[in-house]
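J.: Quick one, run04.csv (CSV, C-alpha atoms):
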chain,number,residue,atom,x,y,z
R,1,MET,CA,111.5,-33.4,-2.6
R,2,LEU,CA,112.9,-30.6,-4.8
R,3,ASN,CA,111.2,-29.8,-8.1
R,4,ARG,CA,113.6,-27.5,-9.9
R,5,MET,CA,111.1,-26.5,-12.5
R,6,ASN,CA,108.8,-25.0,-9.9
R,7,GLU,CA,111.5,-24.6,-7.3
R,8,LEU,CA,109.3,-26.3,-4.7
R,9,LEU,CA,110.9,-27.9,-1.7
R,10,ILE,CA,108.9,-30.2,0.6
R,11,ARG,CA,110.6,-30.6,3.9
R,12,PRO,CA,109.8,-31.3,7.6
R,13,LEU,CA,108.2,-28.4,9.5
R,14,ARG,CA,110.9,-26.7,11.7
R,15,GLY,CA,109.6,-26.0,15.2
R,16,ASP,CA,106.9,-24.0,16.9
R,17,ALA,CA,107.6,-20.7,15.2
R,18,GLU,CA,106.9,-22.2,11.7
R,19,ALA,CA,103.9,-24.0,13.1
R,20,ARG,CA,102.5,-20.6,14.4
R,21,ASP,CA,103.1,-19.0,11.0
R,22,CYS,CA,101.3,-21.9,9.2
R,23,THR,CA,98.5,-21.7,11.7
R,24,ALA,CA,98.1,-18.0,11.0
R,25,HIS,CA,97.7,-18.7,7.3
R,26,LEU,CA,95.3,-21.7,7.8
R,27,VAL,CA,92.8,-19.9,10.0
R,28,LYS,CA,92.2,-17.3,7.3
R,29,PHE,CA,90.8,-19.6,4.6
R,30,GLY,CA,89.4,-22.9,3.5
R,31,PRO,CA,87.3,-25.4,5.3
R,32,TRP,CA,89.0,-24.6,8.7
R,33,ARG,CA,87.6,-21.1,8.6
R,34,ALA,CA,84.2,-22.3,7.3
R,35,ILE,CA,83.6,-24.8,10.0
R,36,GLY,CA,85.2,-22.8,12.8
R,37,ILE,CA,88.3,-24.9,13.6
R,38,THR,CA,90.4,-22.7,16.0
R,39,ALA,CA,94.0,-21.6,15.7
R,40,GLU,CA,94.7,-23.6,18.9
R,41,ARG,CA,93.4,-26.8,17.3
R,42,LEU,CA,95.4,-26.3,14.1
R,43,PHE,CA,98.5,-25.5,16.1
R,44,LYS,CA,98.1,-28.8,18.0
R,45,ASP,CA,97.7,-30.7,14.8
R,46,LEU,CA,100.9,-29.1,13.4
R,47,THR,CA,102.9,-29.8,16.5
R,48,ASN,CA,101.6,-33.3,17.3
R,49,PRO,CA,104.7,-35.5,17.8
R,50,GLU,CA,102.8,-38.5,16.5
R,51,ARG,CA,102.3,-36.9,13.1
R,52,ALA,CA,104.7,-36.3,10.2
R,53,VAL,CA,104.4,-32.6,9.3
R,54,PHE,CA,105.8,-31.1,6.2
R,55,VAL,CA,105.8,-27.7,4.5
R,56,ALA,CA,106.1,-26.8,0.9
R,57,GLU,CA,108.5,-23.9,0.4
R,58,ARG,CA,109.3,-21.8,-2.6
R,59,GLY,CA,112.4,-19.8,-2.1
R,60,GLU,CA,112.2,-18.8,1.5
R,61,GLU,CA,108.4,-18.7,1.6
R,62,ILE,CA,106.2,-21.4,3.0
R,63,VAL,CA,103.3,-21.9,0.5
R,64,GLY,CA,101.6,-25.0,1.9
R,65,VAL,CA,101.5,-27.6,4.6
R,66,LEU,CA,100.9,-31.4,4.9
R,67,VAL,CA,100.2,-33.5,7.9
R,68,LEU,CA,100.4,-37.3,7.6
R,69,HIS,CA,99.2,-40.0,10.1
R,70,LEU,CA,101.7,-42.8,9.7
R,71,GLY,CA,101.4,-45.9,11.7
R,72,GLY,CA,98.8,-47.5,13.8
R,73,SER,CA,95.4,-48.7,12.6
R,74,PHE,CA,94.9,-45.8,10.1
R,75,ASP,CA,98.4,-45.8,8.6
R,76,GLY,CA,98.5,-43.7,5.4
R,77,TYR,CA,96.0,-41.0,6.3
R,78,ILE,CA,96.5,-37.4,5.0
R,79,GLN,CA,95.2,-35.5,8.0
R,80,LEU,CA,95.7,-32.1,6.5
R,81,ILE,CA,96.8,-30.6,3.2
R,82,ALA,CA,96.6,-27.0,2.4
R,83,VAL,CA,98.1,-24.6,-0.2
R,84,PHE,CA,97.9,-21.0,0.9
R,85,PRO,CA,95.4,-19.1,-1.4
R,86,GLU,CA,97.9,-16.9,-3.2
R,87,PHE,CA,99.8,-20.1,-4.4
R,88,GLN,CA,96.8,-22.2,-5.4
R,89,SER,CA,96.4,-23.4,-9.0
R,90,ARG,CA,100.1,-23.6,-9.5
R,91,GLY,CA,100.7,-27.3,-9.0
R,92,VAL,CA,101.7,-27.1,-5.3
R,93,GLY,CA,98.7,-29.3,-4.2
R,94,SER,CA,99.5,-32.0,-6.8
R,95,GLN,CA,103.1,-32.0,-5.7
R,96,LEU,CA,102.1,-32.3,-2.0
R,97,ILE,CA,99.8,-35.2,-2.8
R,98,GLN,CA,102.6,-36.9,-4.9
R,99,PHE,CA,105.0,-36.5,-1.9
R,100,ALA,CA,102.3,-37.9,0.5
R,101,GLU,CA,101.8,-40.9,-1.8
R,102,GLU,CA,105.6,-41.5,-2.2
R,103,THR,CA,105.8,-41.5,1.6
R,104,ILE,CA,102.7,-43.7,2.2
R,105,PHE,CA,102.6,-46.3,-0.6
R,106,PRO,CA,105.9,-48.1,0.5
R,107,ARG,CA,104.2,-48.6,3.9
R,108,THR,CA,100.6,-49.7,2.9
R,109,GLN,CA,98.4,-50.2,-0.1
R,110,ASN,CA,96.0,-47.3,0.7
R,111,VAL,CA,96.1,-43.5,1.0
R,112,PHE,CA,93.1,-42.0,2.8
R,113,LEU,CA,91.9,-38.5,3.3
R,114,CYS,CA,88.8,-36.6,4.3
R,115,VAL,CA,87.3,-33.6,2.5
R,116,SER,CA,84.3,-31.5,3.7
R,117,SER,CA,81.1,-32.1,1.8
R,118,PHE,CA,80.8,-28.4,0.9
R,119,ASN,CA,84.3,-28.3,-0.6
R,120,ASP,CA,83.4,-29.2,-4.2
R,121,ARG,CA,86.7,-27.9,-5.6
R,122,ALA,CA,88.8,-30.1,-3.4
R,123,GLN,CA,86.6,-33.1,-4.1
R,124,LYS,CA,87.2,-32.7,-7.9
R,125,PHE,CA,90.9,-32.2,-7.3
R,126,TYR,CA,91.2,-35.5,-5.4
R,127,GLU,CA,89.1,-37.3,-7.9
R,128,ARG,CA,91.4,-36.1,-10.8
R,129,LEU,CA,94.3,-37.6,-8.9
R,130,GLY,CA,92.6,-41.0,-8.6
R,131,TYR,CA,90.9,-40.8,-5.2
R,132,ARG,CA,87.5,-42.4,-4.8
R,133,ARG,CA,84.7,-41.7,-2.3
R,134,VAL,CA,84.4,-44.6,0.1
R,135,GLY,CA,82.1,-43.2,2.7
R,136,ASP,CA,80.5,-40.3,4.5
R,137,LEU,CA,81.1,-39.3,8.1
R,138,GLU,CA,77.9,-37.4,8.9
R,139,ASN,CA,78.1,-34.6,11.5
R,140,PHE,CA,81.8,-35.6,12.1
R,141,LEU,CA,83.3,-32.1,12.6
R,142,VAL,CA,80.2,-30.0,12.8
R,143,SER,CA,76.5,-30.6,12.8
R,144,GLY,CA,74.9,-30.6,9.4
R,145,GLN,CA,78.1,-31.2,7.5
R,146,SER,CA,79.7,-34.4,6.4
R,147,GLU,CA,83.3,-35.3,5.9
R,148,ILE,CA,83.8,-37.5,2.8
R,149,LEU,CA,86.3,-40.3,3.2
R,150,MET,CA,88.3,-40.8,0.1
R,151,ARG,CA,90.8,-43.5,-0.8
R,152,LYS,CA,93.4,-44.2,-3.4
R,153,THR,CA,94.5,-47.8,-3.5
R,154,ARG,CA,97.0,-50.1,-5.1
R,155,GLY,CA,95.3,-53.3,-4.0
R,156,PRO,CA,94.3,-55.3,-0.9
R,157,LEU,CA,96.3,-55.4,2.2
R,158,VAL,CA,96.4,-59.2,2.4
R,159,GLY,CA,99.7,-60.3,0.8
R,160,PHE,CA,101.2,-56.8,0.8
R,161,ALA,CA,104.7,-56.6,2.3
R,162,ALA,CA,105.7,-53.1,3.4
R,163,GLN,CA,109.1,-52.0,2.0
R,164,LYS,CA,111.7,-51.5,4.7
Please rewrite the model in this file as C-alpha cells.
T.:
Amino acid sequence: MLNRMNELLIRPLRGDAEARDCTAHLVKFGPWRAIGITAERLFKDLTNPERAVFVAERGEEIVGVLVLHLGGSFDGYIQLIAVFPEFQSRGVGSQLIQFAEETIFPRTQNVFLCVSSFNDRAQKFYERLGYRRVGDLENFLVSGQSEILMRKTRGPLVGFAAQK
C-alpha cells in the first residue's frame, strides 16, 4: 500500500537483517520494554514463517512493523503493531491498521488484537478506530497485568463467505 500524500509504503519484511533492525527498535520502547519481552522473542515473532510480517517504510527508512496471524482458529489476529517513537502521531499507526483490515476482512468477519492493560494511549487509539473490548486475559504475559482482547467486527461468521 503506497500512500503518496504521506509517502508511506507498507510491504513484506525482507529477511533476517530487517528483522534484526526492527527488533533493535522494538526492545527500546513500548509495552515490550515495560513487560520485559526479550529481543530474542521479538525476533522469533518477526521471523515466524507462519505469520505475515510487514514493515511501514518512508523513503528508505522503516518506521513501523505489523505481524498478522492469518489462518487457523484465530484467523485475523493482529499479533504485533508498532510505530517507532520518532514517527508516532503522524498517521502511520492508522495506516497500518487500515492495511491489516484490508488484508483480514476479505478472509473473515473479525479483526482481533490484544493491548496491555497499562497502555491507555493504545486502547484509546484502537477504540477511535472502532475496536471494542471483548475480554481480559489476566496474567497472560506477566503476573499482575492483563492483556485486553479487542475486536472489530463486520458481523457473525455464520453465513460469511470468504473472498477468494
J.: Within 9 Å of Ala162 (chain R), counting only C-alpha atoms, which residues show up once you throw out same-chain ones fewer than 6 positions away? Write them as a VMD selection string, please.
T.: chain R and resid 105 to 109
J.: Go through R:Lys28, R:Arg20, R:Arg14, R:Arg154 and flag the residue nearest Glu86 (chain R), using all atoms listed in the file for the distances.
T.: R:Lys28
J.: Excluding region 94-97 of chain R and any residue of its chain fewer than 2 positions from it, enumerate the residues within 8 Å of it, using all atoms listed in the file, and give them as a list in words.
T.: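 Surrounding residues, per the criterion: Ile10, Ala56, Leu66, Ile81, Gly91, Val92, Phe99, Ala100, Glu101 and Leu129 of chain R.
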J.: Looking at R:Thr47, R:Asn110, R:Gln98, R:Gln145, which one is nearest to Asp75 (chain R), with distances taken over all atoms listed in the file?
T.: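 Ranked by minimum distance to Asp75 (chain R), first place goes to R:Asn110.
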J.: Which residue is closest to Glu40 (chain R)? Choose from R:Phe118, R:Leu26, R:Lys124, R:Ala52 and count all atoms listed in the file.
T.: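 Smallest separation from Glu40 (chain R) among the options: R:Leu26.
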J.: Report as a PDB file with C-alpha atoms, in the frame of the given file all protein, DNA and RNA residues lying within 9 Å of Leu149 (chain R), evaluated on only C-alpha atoms, omitting residues in the same chain fewer than 2 positions from it.
T.:
ATOM      1  CA  PHE R 112      93.100 -42.000   2.800  1.00  0.00           C
ATOM      2  CA  LEU R 113      91.900 -38.500   3.300  1.00  0.00           C
ATOM      3  CA  CYS R 114      88.800 -36.600   4.300  1.00  0.00           C
ATOM      4  CA  VAL R 115      87.300 -33.600   2.500  1.00  0.00           C
ATOM      5  CA  ARG R 132      87.500 -42.400  -4.800  1.00  0.00           C
ATOM      6  CA  ARG R 133      84.700 -41.700  -2.300  1.00  0.00           C
ATOM      7  CA  VAL R 134      84.400 -44.600   0.100  1.00  0.00           C
ATOM      8  CA  GLY R 135      82.100 -43.200   2.700  1.00  0.00           C
ATOM      9  CA  ASP R 136      80.500 -40.300   4.500  1.00  0.00           C
ATOM     10  CA  LEU R 137      81.100 -39.300   8.100  1.00  0.00           C
ATOM     11  CA  GLU R 147      83.300 -35.300   5.900  1.00  0.00           C
ATOM     12  CA  ARG R 151      90.800 -43.500  -0.800  1.00  0.00           C
TER      13      ARG R 151
END
J.: Looking at only C-alpha atoms, which of R:Ile148, R:Leu42, R:Ala17, R:Ile104 is the one that sits closest to Asp120 (chain R)?
T.: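 Of all the options, R:Ile148 lies closest to Asp120 (chain R).
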J.: Can you tell me how far CA of Thr153 (chain R) sits from CA of Tyr131 (chain R), in Å to one decimal?
T.: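 Calculated distance between CA of Thr153 (chain R) and CA of Tyr131 (chain R) is 8.1 Å.
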J.: Could you please determine the separation between CA of Ser116 (chain R) and CA of Val83 (chain R) in Å, to one decimal place?
T.: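 Rounded to one decimal, the two atoms are 15.9 Å apart.
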J.: If you measure from CA of Phe125 (chain R) to CA of His25 (chain R), what distance in Å do you get, rounded to one decimal?
T.: 21.0 Å
J.: Would you please work out which residue, of R:Phe160, R:Phe140, R:Tyr77, R:Phe84, is nearest to Val65 (chain R) when using only C-alpha atoms?
T.: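 Of R:Phe160, R:Phe140, R:Tyr77, R:Phe84, the one nearest Val65 (chain R), counting only C-alpha atoms, is R:Phe84.
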J.: Smallest atom-to-atom distance to Arg90 (chain R): which of R:Gly76, R:Gly130, R:Gly64, R:Ala24, using all atoms listed in the file?
T.: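 Closest candidate: R:Gly64.
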J.: Write out as an MDAnalysis selection string the residues lying within 8 Å of Glu57 (chain R), counting all atoms listed in the file and excluding same-chain residues fewer than 3 positions away.
T.: chainID R and resid 8:11 60:64
J.: Residues within 7 Å of Ala19 (chain R), please, as a PyMOL selection string. Count only C-alpha atoms; anything in the same chain fewer than 2 positions from it doesn't count.
T.: chain R and resi 15-17+21-23+43+46-47
